[in-house]
file start_19.tsv (TSV, C-alpha atoms)
chain	number	residue	atom	x	y	z
Z	1	MET	CA	0.00	0.00	0.00
Z	2	ALA	CA	1.35	3.45	-0.93
Z	3	ARG	CA	2.49	5.46	2.02
Z	4	SER	CA	0.22	8.34	2.95
Z	5	VAL	CA	1.53	11.74	1.96
Z	6	CYS	CA	0.21	13.00	5.29
Z	7	ALA	CA	2.37	10.52	7.17
Z	8	ALA	CA	5.41	11.46	5.11
Z	9	LEU	CA	4.82	15.15	5.71
Z	10	GLY	CA	4.43	14.57	9.45
Z	11	ALA	CA	7.68	12.62	9.64
Z	12	ALA	CA	9.55	15.25	7.70
Z	13	LEU	CA	8.30	18.12	9.80
Z	14	LEU	CA	9.47	16.93	13.19
Z	15	VAL	CA	12.50	14.66	13.32
Z	16	PRO	CA	14.39	14.19	16.60
Z	17	GLY	CA	17.79	15.77	16.52
Z	18	VAL	CA	16.96	18.50	13.99
Z	19	ALA	CA	19.00	21.63	14.67
Z	20	LEU	CA	16.95	24.29	16.44
Z	21	ALA	CA	16.73	27.99	15.77
Z	22	GLN	CA	19.56	29.99	17.26
Z	23	SER	CA	17.39	32.83	18.60
Z	24	PRO	CA	14.79	31.58	21.10
Z	25	ALA	CA	11.69	33.73	21.31
Z	26	ALA	CA	10.62	32.87	24.85
Z	27	SER	CA	8.01	35.11	26.41
Z	28	PRO	CA	9.83	37.95	28.21
Z	29	SER	CA	7.33	37.92	31.09
Z	30	THR	CA	7.38	34.18	31.76
Z	31	GLY	CA	10.59	32.90	30.18
Z	32	TYR	CA	8.37	30.18	28.70
Z	33	PRO	CA	9.36	27.78	27.30
Z	34	LEU	CA	12.61	26.86	29.01
Z	35	ARG	CA	12.58	23.20	27.93
Z	36	PRO	CA	10.86	21.00	25.29
Z	37	VAL	CA	7.07	21.18	25.05
Z	38	ARG	CA	4.97	18.06	24.47
Z	39	ILE	CA	1.73	18.15	22.48
Z	40	VAL	CA	-0.35	15.00	22.90
Z	41	ALA	CA	-2.21	14.06	19.71
Z	42	PRO	CA	-4.90	11.47	20.53
Z	43	GLN	CA	-4.83	10.08	16.99
Z	44	PRO	CA	-2.31	7.84	15.15
Z	45	ALA	CA	0.66	9.10	13.16
Z	46	GLY	CA	-0.37	10.01	9.64
Z	47	SER	CA	-3.87	11.13	10.61
Z	48	GLY	CA	-5.13	14.61	9.82
Z	49	VAL	CA	-4.78	15.66	13.47
Z	50	ASP	CA	-1.20	14.43	13.50
Z	51	THR	CA	-0.35	16.19	10.24
Z	52	TYR	CA	-1.47	19.69	11.13
Z	53	THR	CA	-0.23	19.36	14.72
Z	54	ARG	CA	3.26	18.56	13.46
Z	55	ALA	CA	3.14	21.43	10.99
Z	56	ILE	CA	2.36	23.91	13.77
Z	57	ALA	CA	4.85	22.26	16.13
Z	58	HIS	CA	7.61	22.73	13.57
Z	59	LYS	CA	6.96	26.48	13.44
Z	60	LEU	CA	6.93	26.72	17.24
Z	61	THR	CA	10.22	24.82	17.44
Z	62	GLU	CA	11.79	27.32	15.03
Z	63	ALA	CA	10.43	30.32	16.93
Z	64	TRP	CA	11.28	29.21	20.46
Z	65	GLY	CA	14.54	27.34	20.02
Z	66	GLN	CA	12.95	24.59	22.12
Z	67	GLN	CA	11.76	21.38	20.56
Z	68	VAL	CA	7.99	20.94	20.42
Z	69	ILE	CA	7.34	17.20	20.39
Z	70	VAL	CA	4.18	15.58	19.06
Z	71	ASP	CA	3.30	12.52	21.14
Z	72	ASN	CA	0.75	10.26	19.43
Z	73	ARG	CA	-1.56	8.54	21.94
Z	74	PRO	CA	-4.43	7.01	19.95
Z	75	GLY	CA	-7.16	4.74	21.21
Z	76	ALA	CA	-10.59	4.78	22.88
Z	77	ASN	CA	-11.74	7.65	20.64
Z	78	GLY	CA	-9.14	9.98	22.10
Z	79	ILE	CA	-9.84	9.18	25.74
Z	80	ILE	CA	-6.38	7.68	26.35
Z	81	GLY	CA	-4.57	10.80	25.15
Z	82	ILE	CA	-6.84	13.25	26.93
Z	83	GLU	CA	-6.49	11.45	30.25
Z	84	GLN	CA	-2.71	11.83	30.04
Z	85	VAL	CA	-3.03	15.57	29.57
Z	86	THR	CA	-5.55	16.03	32.39
Z	87	LYS	CA	-3.12	14.30	34.77
Z	88	ALA	CA	-0.09	16.31	33.62
Z	89	LYS	CA	1.42	19.14	35.62
Z	90	PRO	CA	-0.31	22.43	34.65
Z	91	ASP	CA	2.87	24.24	33.67
Z	92	GLY	CA	2.47	24.65	29.89
Z	93	TYR	CA	4.83	21.83	28.97
Z	94	THR	CA	2.07	19.32	28.15
Z	95	LEU	CA	-0.81	20.34	25.90
Z	96	LEU	CA	-3.56	18.57	24.01
Z	97	ALA	CA	-4.20	18.70	20.27
Z	98	ALA	CA	-7.96	18.46	20.68
Z	99	PHE	CA	-10.65	18.07	18.06
Z	100	THR	CA	-14.43	17.91	17.75
Z	101	SER	CA	-15.09	14.38	18.95
Z	102	VAL	CA	-12.92	14.30	22.04
Z	103	LEU	CA	-14.11	17.60	23.49
Z	104	VAL	CA	-17.75	18.09	22.59
Z	105	ILE	CA	-19.09	14.67	21.53
Z	106	ASN	CA	-17.51	12.15	23.92
Z	107	PRO	CA	-19.21	13.66	27.01
Z	108	HIS	CA	-22.61	12.90	25.45
Z	109	VAL	CA	-21.71	9.46	24.07
Z	110	TYR	CA	-20.00	7.84	27.07
Z	111	LYS	CA	-21.85	7.16	30.29
Z	112	THR	CA	-18.69	7.81	32.27
Z	113	LEU	CA	-15.40	9.40	31.29
Z	114	PRO	CA	-12.11	9.70	33.19
Z	115	TYR	CA	-12.16	13.43	32.45
Z	116	ASP	CA	-14.52	16.38	32.25
Z	117	PRO	CA	-13.48	18.82	29.48
Z	118	GLN	CA	-14.88	21.84	31.34
Z	119	ARG	CA	-13.38	20.91	34.70
Z	120	ASP	CA	-10.06	19.29	33.74
Z	121	LEU	CA	-8.95	21.29	30.70
Z	122	THR	CA	-8.29	24.94	29.89
Z	123	PRO	CA	-9.05	26.31	26.39
Z	124	VAL	CA	-6.03	27.79	24.63
Z	125	MET	CA	-7.16	28.43	21.05
Z	126	GLN	CA	-8.79	27.02	17.95
Z	127	THR	CA	-6.25	26.24	15.23
Z	128	ILE	CA	-8.05	24.80	12.24
Z	129	THR	CA	-11.33	23.98	10.52
Z	130	ASN	CA	-11.51	20.75	8.56
Z	131	SER	CA	-13.79	19.77	5.72
Z	132	ILE	CA	-15.52	16.43	6.27
Z	133	ALA	CA	-15.65	14.28	3.12
Z	134	LEU	CA	-17.73	11.34	1.94
Z	135	VAL	CA	-15.36	8.90	0.25
Z	136	VAL	CA	-15.89	5.38	-1.05
Z	137	HIS	CA	-13.72	2.57	-2.35
Z	138	PRO	CA	-13.18	3.13	-6.12
Z	139	ASN	CA	-14.74	-0.23	-6.98
Z	140	LEU	CA	-18.06	0.72	-5.42
Z	141	PRO	CA	-20.39	1.39	-8.40
Z	142	VAL	CA	-21.49	4.87	-7.33
Z	143	ARG	CA	-20.36	8.36	-8.27
Z	144	SER	CA	-22.74	10.56	-6.28
Z	145	PRO	CA	-24.34	10.60	-2.82
Z	146	LYS	CA	-27.76	9.87	-4.36
Z	147	ALA	CA	-26.37	6.80	-6.12
Z	148	LEU	CA	-24.81	5.65	-2.85
Z	149	VAL	CA	-28.11	6.04	-1.01
Z	150	ALA	CA	-29.94	4.11	-3.75
Z	151	LEU	CA	-27.41	1.28	-3.55
Z	152	ALA	CA	-27.62	1.19	0.24
Z	153	LYS	CA	-31.42	1.03	0.14
Z	154	SER	CA	-31.27	-1.89	-2.25
Z	155	ARG	CA	-28.87	-3.73	0.07
Z	156	PRO	CA	-29.89	-2.95	3.68
Z	157	ARG	CA	-26.97	-3.28	6.13
Z	158	ASP	CA	-24.72	-4.78	3.44
Z	159	LEU	CA	-22.56	-1.67	3.08
Z	160	LEU	CA	-19.94	-1.31	5.80
Z	161	TYR	CA	-18.65	2.10	6.82
Z	162	ALA	CA	-15.54	2.84	8.82
Z	163	SER	CA	-15.30	5.39	11.61
Z	164	ASN	CA	-12.47	6.66	13.78
Z	165	GLY	CA	-14.30	5.31	16.83
Z	166	VAL	CA	-17.75	5.26	18.42
Z	167	GLY	CA	-19.05	8.80	18.74
Z	168	ASN	CA	-16.43	10.29	16.46
Z	169	VAL	CA	-17.54	12.86	13.85
Z	170	SER	CA	-16.95	10.19	11.21
Z	171	HIS	CA	-19.48	7.98	13.03
Z	172	LEU	CA	-22.06	10.71	13.58
Z	173	SER	CA	-21.80	11.86	9.96
Z	174	ALA	CA	-22.93	8.41	8.85
Z	175	GLU	CA	-25.68	8.46	11.47
Z	176	LEU	CA	-26.87	11.79	10.08
Z	177	LEU	CA	-26.97	10.28	6.60
Z	178	SER	CA	-29.08	7.41	7.92
Z	179	ALA	CA	-31.42	9.85	9.67
Z	180	GLU	CA	-31.73	11.94	6.50
Z	181	THR	CA	-32.38	9.08	4.12
Z	182	GLY	CA	-33.47	6.02	6.08
Z	183	VAL	CA	-30.59	3.90	4.76
Z	184	LEU	CA	-29.28	1.06	6.93
Z	185	LEU	CA	-25.48	0.86	7.02
Z	186	THR	CA	-23.23	-1.28	9.20
Z	187	HIS	CA	-20.78	0.50	11.45
Z	188	VAL	CA	-17.17	-0.71	11.81
Z	189	PRO	CA	-15.30	1.46	14.37
Z	190	TYR	CA	-11.50	1.65	14.35
Z	191	LYS	CA	-8.87	3.03	16.74
Z	192	GLY	CA	-8.36	6.30	14.92
Z	193	ALA	CA	-8.49	7.86	11.47
Z	194	THR	CA	-5.47	6.12	9.94
Z	195	PRO	CA	-6.76	2.52	10.18
Z	196	ALA	CA	-10.28	3.61	9.18
Z	197	ILE	CA	-8.92	5.19	6.01
Z	198	GLN	CA	-6.57	2.30	5.28
Z	199	GLU	CA	-9.36	-0.24	5.57
Z	200	THR	CA	-11.51	1.80	3.17
Z	201	ILE	CA	-8.64	1.93	0.69
Z	202	SER	CA	-8.14	-1.82	0.97
Z	203	GLY	CA	-11.84	-2.48	0.36
Z	204	GLN	CA	-12.56	-4.03	3.75
Z	205	VAL	CA	-15.27	-1.38	4.14
Z	206	ALA	CA	-17.18	0.53	1.48
Z	207	LEU	CA	-17.09	4.11	2.74
Z	208	THR	CA	-16.07	6.54	5.44
Z	209	PHE	CA	-16.48	10.20	6.43
Z	210	PRO	CA	-12.91	11.42	7.13
Z	211	THR	CA	-11.45	14.89	7.30
Z	212	LEU	CA	-10.32	16.05	3.88
Z	213	ILE	CA	-6.80	16.68	5.19
Z	214	GLY	CA	-6.48	12.96	5.94
Z	215	VAL	CA	-7.49	11.72	2.48
Z	216	SER	CA	-6.66	14.41	-0.08
Z	217	ALA	CA	-3.56	12.54	-1.30
Z	218	HIS	CA	-5.51	9.27	-1.59
Z	219	ILE	CA	-8.25	11.00	-3.62
Z	220	ARG	CA	-5.71	12.43	-6.05
Z	221	ALA	CA	-4.06	9.01	-6.38
Z	222	ASN	CA	-7.47	7.39	-7.10
Z	223	ARG	CA	-7.20	5.17	-4.05
Z	224	LEU	CA	-10.47	6.69	-2.81
Z	225	ARG	CA	-13.37	8.29	-4.68
Z	226	LEU	CA	-14.69	11.59	-3.35
Z	227	LEU	CA	-18.47	11.83	-3.68
Z	228	ALA	CA	-19.11	15.05	-1.73
Z	229	THR	CA	-17.95	17.29	1.08
Z	230	CYS	CA	-20.09	18.15	4.09
Z	231	GLY	CA	-19.50	21.86	4.67
Z	232	GLU	CA	-21.80	24.79	4.00
Z	233	LYS	CA	-19.72	25.62	0.93
Z	234	ARG	CA	-17.51	23.63	-1.42
Z	235	ALA	CA	-13.99	22.78	-0.32
Z	236	SER	CA	-11.42	24.99	-2.04
Z	237	LEU	CA	-9.19	21.95	-2.51
Z	238	PHE	CA	-11.80	20.18	-4.68
Z	239	PRO	CA	-14.02	23.00	-5.98
Z	240	GLU	CA	-15.61	20.78	-8.64
Z	241	THR	CA	-17.02	18.44	-5.97
Z	242	PRO	CA	-20.50	19.36	-4.69
Z	243	THR	CA	-21.46	19.55	-1.04
Z	244	MET	CA	-23.91	17.08	0.48
Z	245	ALA	CA	-26.46	19.92	0.66
Z	246	GLU	CA	-26.04	20.60	-3.05
Z	247	SER	CA	-26.44	16.87	-3.66
Z	248	GLY	CA	-29.91	16.88	-2.13
Z	249	PHE	CA	-29.16	16.33	1.56
Z	250	PRO	CA	-29.55	19.73	3.30
Z	251	GLY	CA	-29.25	18.25	6.80
Z	252	MET	CA	-25.78	16.90	6.08
Z	253	ILE	CA	-23.75	19.95	7.11
Z	254	VAL	CA	-20.82	18.81	9.25
Z	255	THR	CA	-17.43	20.39	9.85
Z	256	GLY	CA	-14.55	19.31	12.00
Z	257	TRP	CA	-12.10	21.51	13.85
Z	258	GLY	CA	-9.00	21.35	15.97
Z	259	GLY	CA	-7.56	23.37	18.82
Z	260	TYR	CA	-5.24	23.36	21.78
Z	261	MET	CA	-6.18	22.66	25.39
Z	262	ALA	CA	-4.00	22.75	28.50
Z	263	PRO	CA	-4.46	21.04	31.87
Z	264	ALA	CA	-6.79	22.90	34.22
Z	265	ASN	CA	-5.11	25.57	36.35
Z	266	THR	CA	-2.35	26.25	33.82
Z	267	PRO	CA	-1.31	29.87	34.55
Z	268	ARG	CA	-3.00	32.45	32.31
Z	269	ASP	CA	0.31	34.02	31.30
Z	270	ILE	CA	1.61	30.63	30.10
Z	271	VAL	CA	-1.60	30.02	28.13
Z	272	ALA	CA	-1.28	33.49	26.61
Z	273	ALA	CA	2.37	32.93	25.68
Z	274	PHE	CA	1.57	29.68	23.89
Z	275	GLN	CA	-1.49	31.14	22.15
Z	276	ARG	CA	0.45	34.19	21.00
Z	277	GLU	CA	3.21	32.20	19.30
Z	278	ALA	CA	0.84	29.61	17.82
Z	279	ALA	CA	-1.28	32.43	16.38
Z	280	ARG	CA	1.83	33.95	14.83
Z	281	ALA	CA	2.65	30.58	13.27
Z	282	LEU	CA	-0.85	30.18	11.87
Z	283	HIS	CA	-0.68	33.62	10.30
Z	284	SER	CA	2.56	32.78	8.47
Z	285	PRO	CA	1.98	32.48	4.69
Z	286	ASP	CA	3.96	29.23	4.30
Z	287	LEU	CA	2.00	27.37	6.98
Z	288	ARG	CA	-1.34	28.70	5.76
Z	289	GLU	CA	-0.49	27.59	2.22
Z	290	ARG	CA	0.62	24.15	3.42
Z	291	LEU	CA	-2.53	23.55	5.46
Z	292	SER	CA	-4.83	24.87	2.75
Z	293	ALA	CA	-3.19	22.56	0.21
Z	294	LEU	CA	-4.17	19.64	2.44
Z	295	GLY	CA	-7.80	20.75	2.77
Z	296	SER	CA	-7.81	22.62	6.09
Z	297	ASP	CA	-8.51	26.27	6.87
Z	298	PRO	CA	-6.30	27.83	9.56
Z	299	GLU	CA	-8.22	29.50	12.40
Z	300	VAL	CA	-6.95	31.75	15.17
Z	301	SER	CA	-8.92	32.49	18.32
Z	302	THR	CA	-8.30	33.71	21.83
Z	303	PRO	CA	-8.84	31.41	24.83
Z	304	GLU	CA	-12.11	33.24	25.57
Z	305	GLN	CA	-13.36	32.88	22.00
Z	306	PHE	CA	-12.45	29.20	21.96
Z	307	ALA	CA	-14.29	28.65	25.25
Z	308	ALA	CA	-17.47	30.22	23.81
Z	309	PHE	CA	-17.11	28.15	20.64
Z	310	LEU	CA	-16.75	24.95	22.67
Z	311	LYS	CA	-19.98	25.70	24.52
Z	312	SER	CA	-21.95	26.18	21.31
Z	313	GLU	CA	-20.46	23.03	19.77
Z	314	THR	CA	-21.21	21.01	22.91
Z	315	ASP	CA	-24.86	22.05	22.80
Z	316	LYS	CA	-25.14	21.24	19.07
Z	317	TRP	CA	-23.63	17.76	19.29
Z	318	ALA	CA	-25.66	16.90	22.38
Z	319	ARG	CA	-28.77	17.18	20.21
Z	320	VAL	CA	-27.22	15.06	17.43
Z	321	VAL	CA	-26.13	12.30	19.82
Z	322	LYS	CA	-29.54	12.20	21.49
Z	323	ARG	CA	-31.29	11.93	18.14
Z	324	ALA	CA	-28.95	9.15	17.00
Z	325	GLY	CA	-29.28	7.29	20.29
Z	326	ILE	CA	-25.54	6.60	20.59
Z	327	TYR	CA	-24.40	5.70	24.10
Z	328	GLN	CA	-21.37	3.81	25.31
Z	329	SER	CA	-20.33	2.58	28.74
Z	330	GLN	CA	-16.73	2.95	29.91

call {"tool": "encode", "arguments": {"input": "start_19.tsv", "output": "C-alpha cells"}}
result
Amino acid sequence: MARSVCAALGAALLVPGVALAQSPAASPSTGYPLRPVRIVAPQPAGSGVDTYTRAIAHKLTEAWGQQVIVDNRPGANGIIGIEQVTKAKPDGYTLLAAFTSVLVINPHVYKTLPYDPQRDLTPVMQTITNSIALVVHPNLPVRSPKALVALAKSRPRDLLYASNGVGNVSHLSAELLSAETGVLLTHVPYKGATPAIQETISGQVALTFPTLIGVSAHIRANRLRLLATCGEKRASLFPETPTMAESGFPGMIVTGWGGYMAPANTPRDIVAAFQREAARALHSPDLRERLSALGSDPEVSTPEQFAAFLKSETDKWARVVKRAGIYQSQ
C-alpha cells in the first residue's frame, strides 16, 4: 500500500535531533518555554490531526529554540490521550491537540469518562477547521451521494462504513446520513483515522467520512473516490465536488475543527504565551499555504473565543447524539 503523503509530511516536519533555531523567542514575562514542550495528539501518526499538529509544532520549534514534540496517543476515541493531559502538571509543557469528537461529543456518548473537558482542561485556542468528506472505495459502483443512497437502500446493512471510533464525527456523519435518508449501514469502528482510512482503501469497508486533510492525497491518487464534502460551501481543494447539501441532503452539514487545550489551572500568562506564538505561526503564509493545500482552513482564536465556541459546539452535538441514540459505557 502506498504510504500516505500525510504521514510522510508529518515525519519530515518533526525529526528528533533536527537543529533548532539559534534565537529563542521565549516570552519575556514568563521565560516560557525553558525546555521542550509536548503536544499529545490522541490520533495515530499520519492522521489529519497528527499532520497539522506537526506542521504547527515545527513552526513553534523554530520560533522558540525549544523542541515541540508531538506525542501520538491514539485509542478509545481519544480518551487515552486526553487522560494523560488532564493528569499532567499544569505548567504549559504538556498540551492537548484536541478536536471535535474528544471535546464536545464524547461527554454525550460515554456514560462515564475519566475526564470532564470543562473541569479538567483549559481552552487555549482554535487552530483549524476541517472539511468532512464522503469517500468510497473506487470499486463501489457509485459516483454521487444519491447513487450511494440508492445502492444502500437496495442492500440494507450490506454496506460497511468505517469510523475513527464510536461517537467520532466520522461515526455521527454516517448516522446523520441514515437519519436523513433512512438507509441502513453497518458501522465498523477503528482506533483512529489512519486505520479507518486504510481499511476503506483496501476495500474491507465501502465508505467513510474522514477529514479532507487525511485523504486528499488518496483521492488524487485514485485510491479513494470523493463523492461530496459536508461543509456549507464547497472545499477549495476540490471545488468541482459538490457539497452534500447541493447533492440533495440539506441536513448533512458537518465540519470538524482542531484546537489546543492545556491542563486545568495552567497559569494564564503561560496560556497566553503559547497562544500568541501559535497564532503567529498560523498567520505565516507558508504554513497557511501548506494547510490549505491539504484541505484545512487555519483559524486563530483567543482562549475566551475558543471557550465560547466549545460551549456552542457542545450544545449542538448533544442534540445530534440524542437523536442518533448513541451511548457507550466505559

call {"tool": "residues_around", "arguments": {"input": "start_19.tsv", "residues": "Gly256 of chain Z", "least_positions_apart": "3", "cutoff": "7 Å", "atoms": "all atoms listed in the file", "output": "ChimeraX atom specification"}}
result
/Z:100,129-132

call {"tool": "atom_distance", "arguments": {"input": "start_19.tsv", "atom1": "atom CA of Lys191 of chain Z", "atom2": "atom CA of Ile128 of chain Z"}}
result
22.2 Å

call {"tool": "closest_residue", "arguments": {"input": "start_19.tsv", "among": "Z:Arg268, Z:Pro123, Z:Leu212, Z:Val109", "to": "Gly165 of chain Z", "atoms": "all atoms listed in the file"}}
result
Z:Val109

call {"tool": "closest_residue", "arguments": {"input": "start_19.tsv", "among": "Z:His171, Z:Gln43, Z:Ala55, Z:Val205", "to": "Ser292 of chain Z", "atoms": "all atoms listed in the file"}}
result
Z:Ala55

call {"tool": "closest_residue", "arguments": {"input": "start_19.tsv", "among": "Z:Leu140, Z:Ser312, Z:Gly78, Z:Lys59", "to": "Pro285 of chain Z", "atoms": "only C-alpha atoms"}}
result
Z:Lys59

call {"tool": "closest_residue", "arguments": {"input": "start_19.tsv", "among": "Z:Val271, Z:Leu226, Z:Ala264, Z:Ala97", "to": "Arg38 of chain Z", "atoms": "only C-alpha atoms"}}
result
Z:Ala97

call {"tool": "residues_around", "arguments": {"input": "start_19.tsv", "residues": "Ser101 of chain Z", "least_positions_apart": "5", "cutoff": "8 Å", "atoms": "only C-alpha atoms", "output": "list in words"}}
result
Asn77, Asn106, Gly167, Asn168 and Val169 of chain Z

call {"tool": "closest_residue", "arguments": {"input": "start_19.tsv", "among": "Z:Pro298, Z:Pro138, Z:Gly75, Z:Pro210", "to": "Leu224 of chain Z", "atoms": "all atoms listed in the file"}}
result
Z:Pro138

call {"tool": "residues_around", "arguments": {"input": "start_19.tsv", "residues": "Tyr190 of chain Z", "least_positions_apart": "4", "cutoff": "8 Å", "atoms": "only C-alpha atoms", "output": "number ranges by chain"}}
result
Z: 162-165, 195-196

call {"tool": "atom_distance", "arguments": {"input": "start_19.tsv", "atom1": "atom CA of Gly295 of chain Z", "atom2": "atom CA of Val215 of chain Z"}}
result
9.0 Å

call {"tool": "residues_around", "arguments": {"input": "start_19.tsv", "residues": "Val135 of chain Z", "least_positions_apart": "4", "cutoff": "6 Å", "atoms": "all atoms listed in the file", "output": "list in words"}}
result
Leu207, Thr208, Arg225, Leu226 and Leu227 of chain Z

call {"tool": "write_last_selection", "arguments": {"input": "start_19.tsv", "atoms": "C-alpha atoms", "output": "PDB file, keeping the file's coordinate frame"}}
result
ATOM      1  CA  LEU Z 207     -17.090   4.110   2.740  1.00  0.00           C
ATOM      2  CA  THR Z 208     -16.070   6.540   5.440  1.00  0.00           C
ATOM      3  CA  ARG Z 225     -13.370   8.290  -4.680  1.00  0.00           C
ATOM      4  CA  LEU Z 226     -14.690  11.590  -3.350  1.00  0.00           C
ATOM      5  CA  LEU Z 227     -18.470  11.830  -3.680  1.00  0.00           C
TER       6      LEU Z 227
END

call {"tool": "residues_near_point", "arguments": {"input": "start_19.tsv", "point": "(-17.4, 27.8, 21.7)", "cutoff": "12 Å", "atoms": "only C-alpha atoms", "output": "PyMOL selection string"}}
result
chain Z and resi 100+103-104+118+123-126+257+259+301-316

call {"tool": "closest_residue", "arguments": {"input": "start_19.tsv", "among": "Z:Leu291, Z:Thr194, Z:Gly248, Z:Pro74", "to": "Ala147 of chain Z", "atoms": "all atoms listed in the file"}}
result
Z:Gly248

call {"tool": "residues_around", "arguments": {"input": "start_19.tsv", "residues": "Ala293 of chain Z", "least_positions_apart": "6", "cutoff": "12 Å", "atoms": "all atoms listed in the file", "output": "ChimeraX atom specification"}}
result
/Z:5-6,52,130,212-217,235-238,286-287

call {"tool": "atom_distance", "arguments": {"input": "start_19.tsv", "atom1": "atom CA of Cys230 of chain Z", "atom2": "atom CA of Ile253 of chain Z"}}
result
5.1 Å
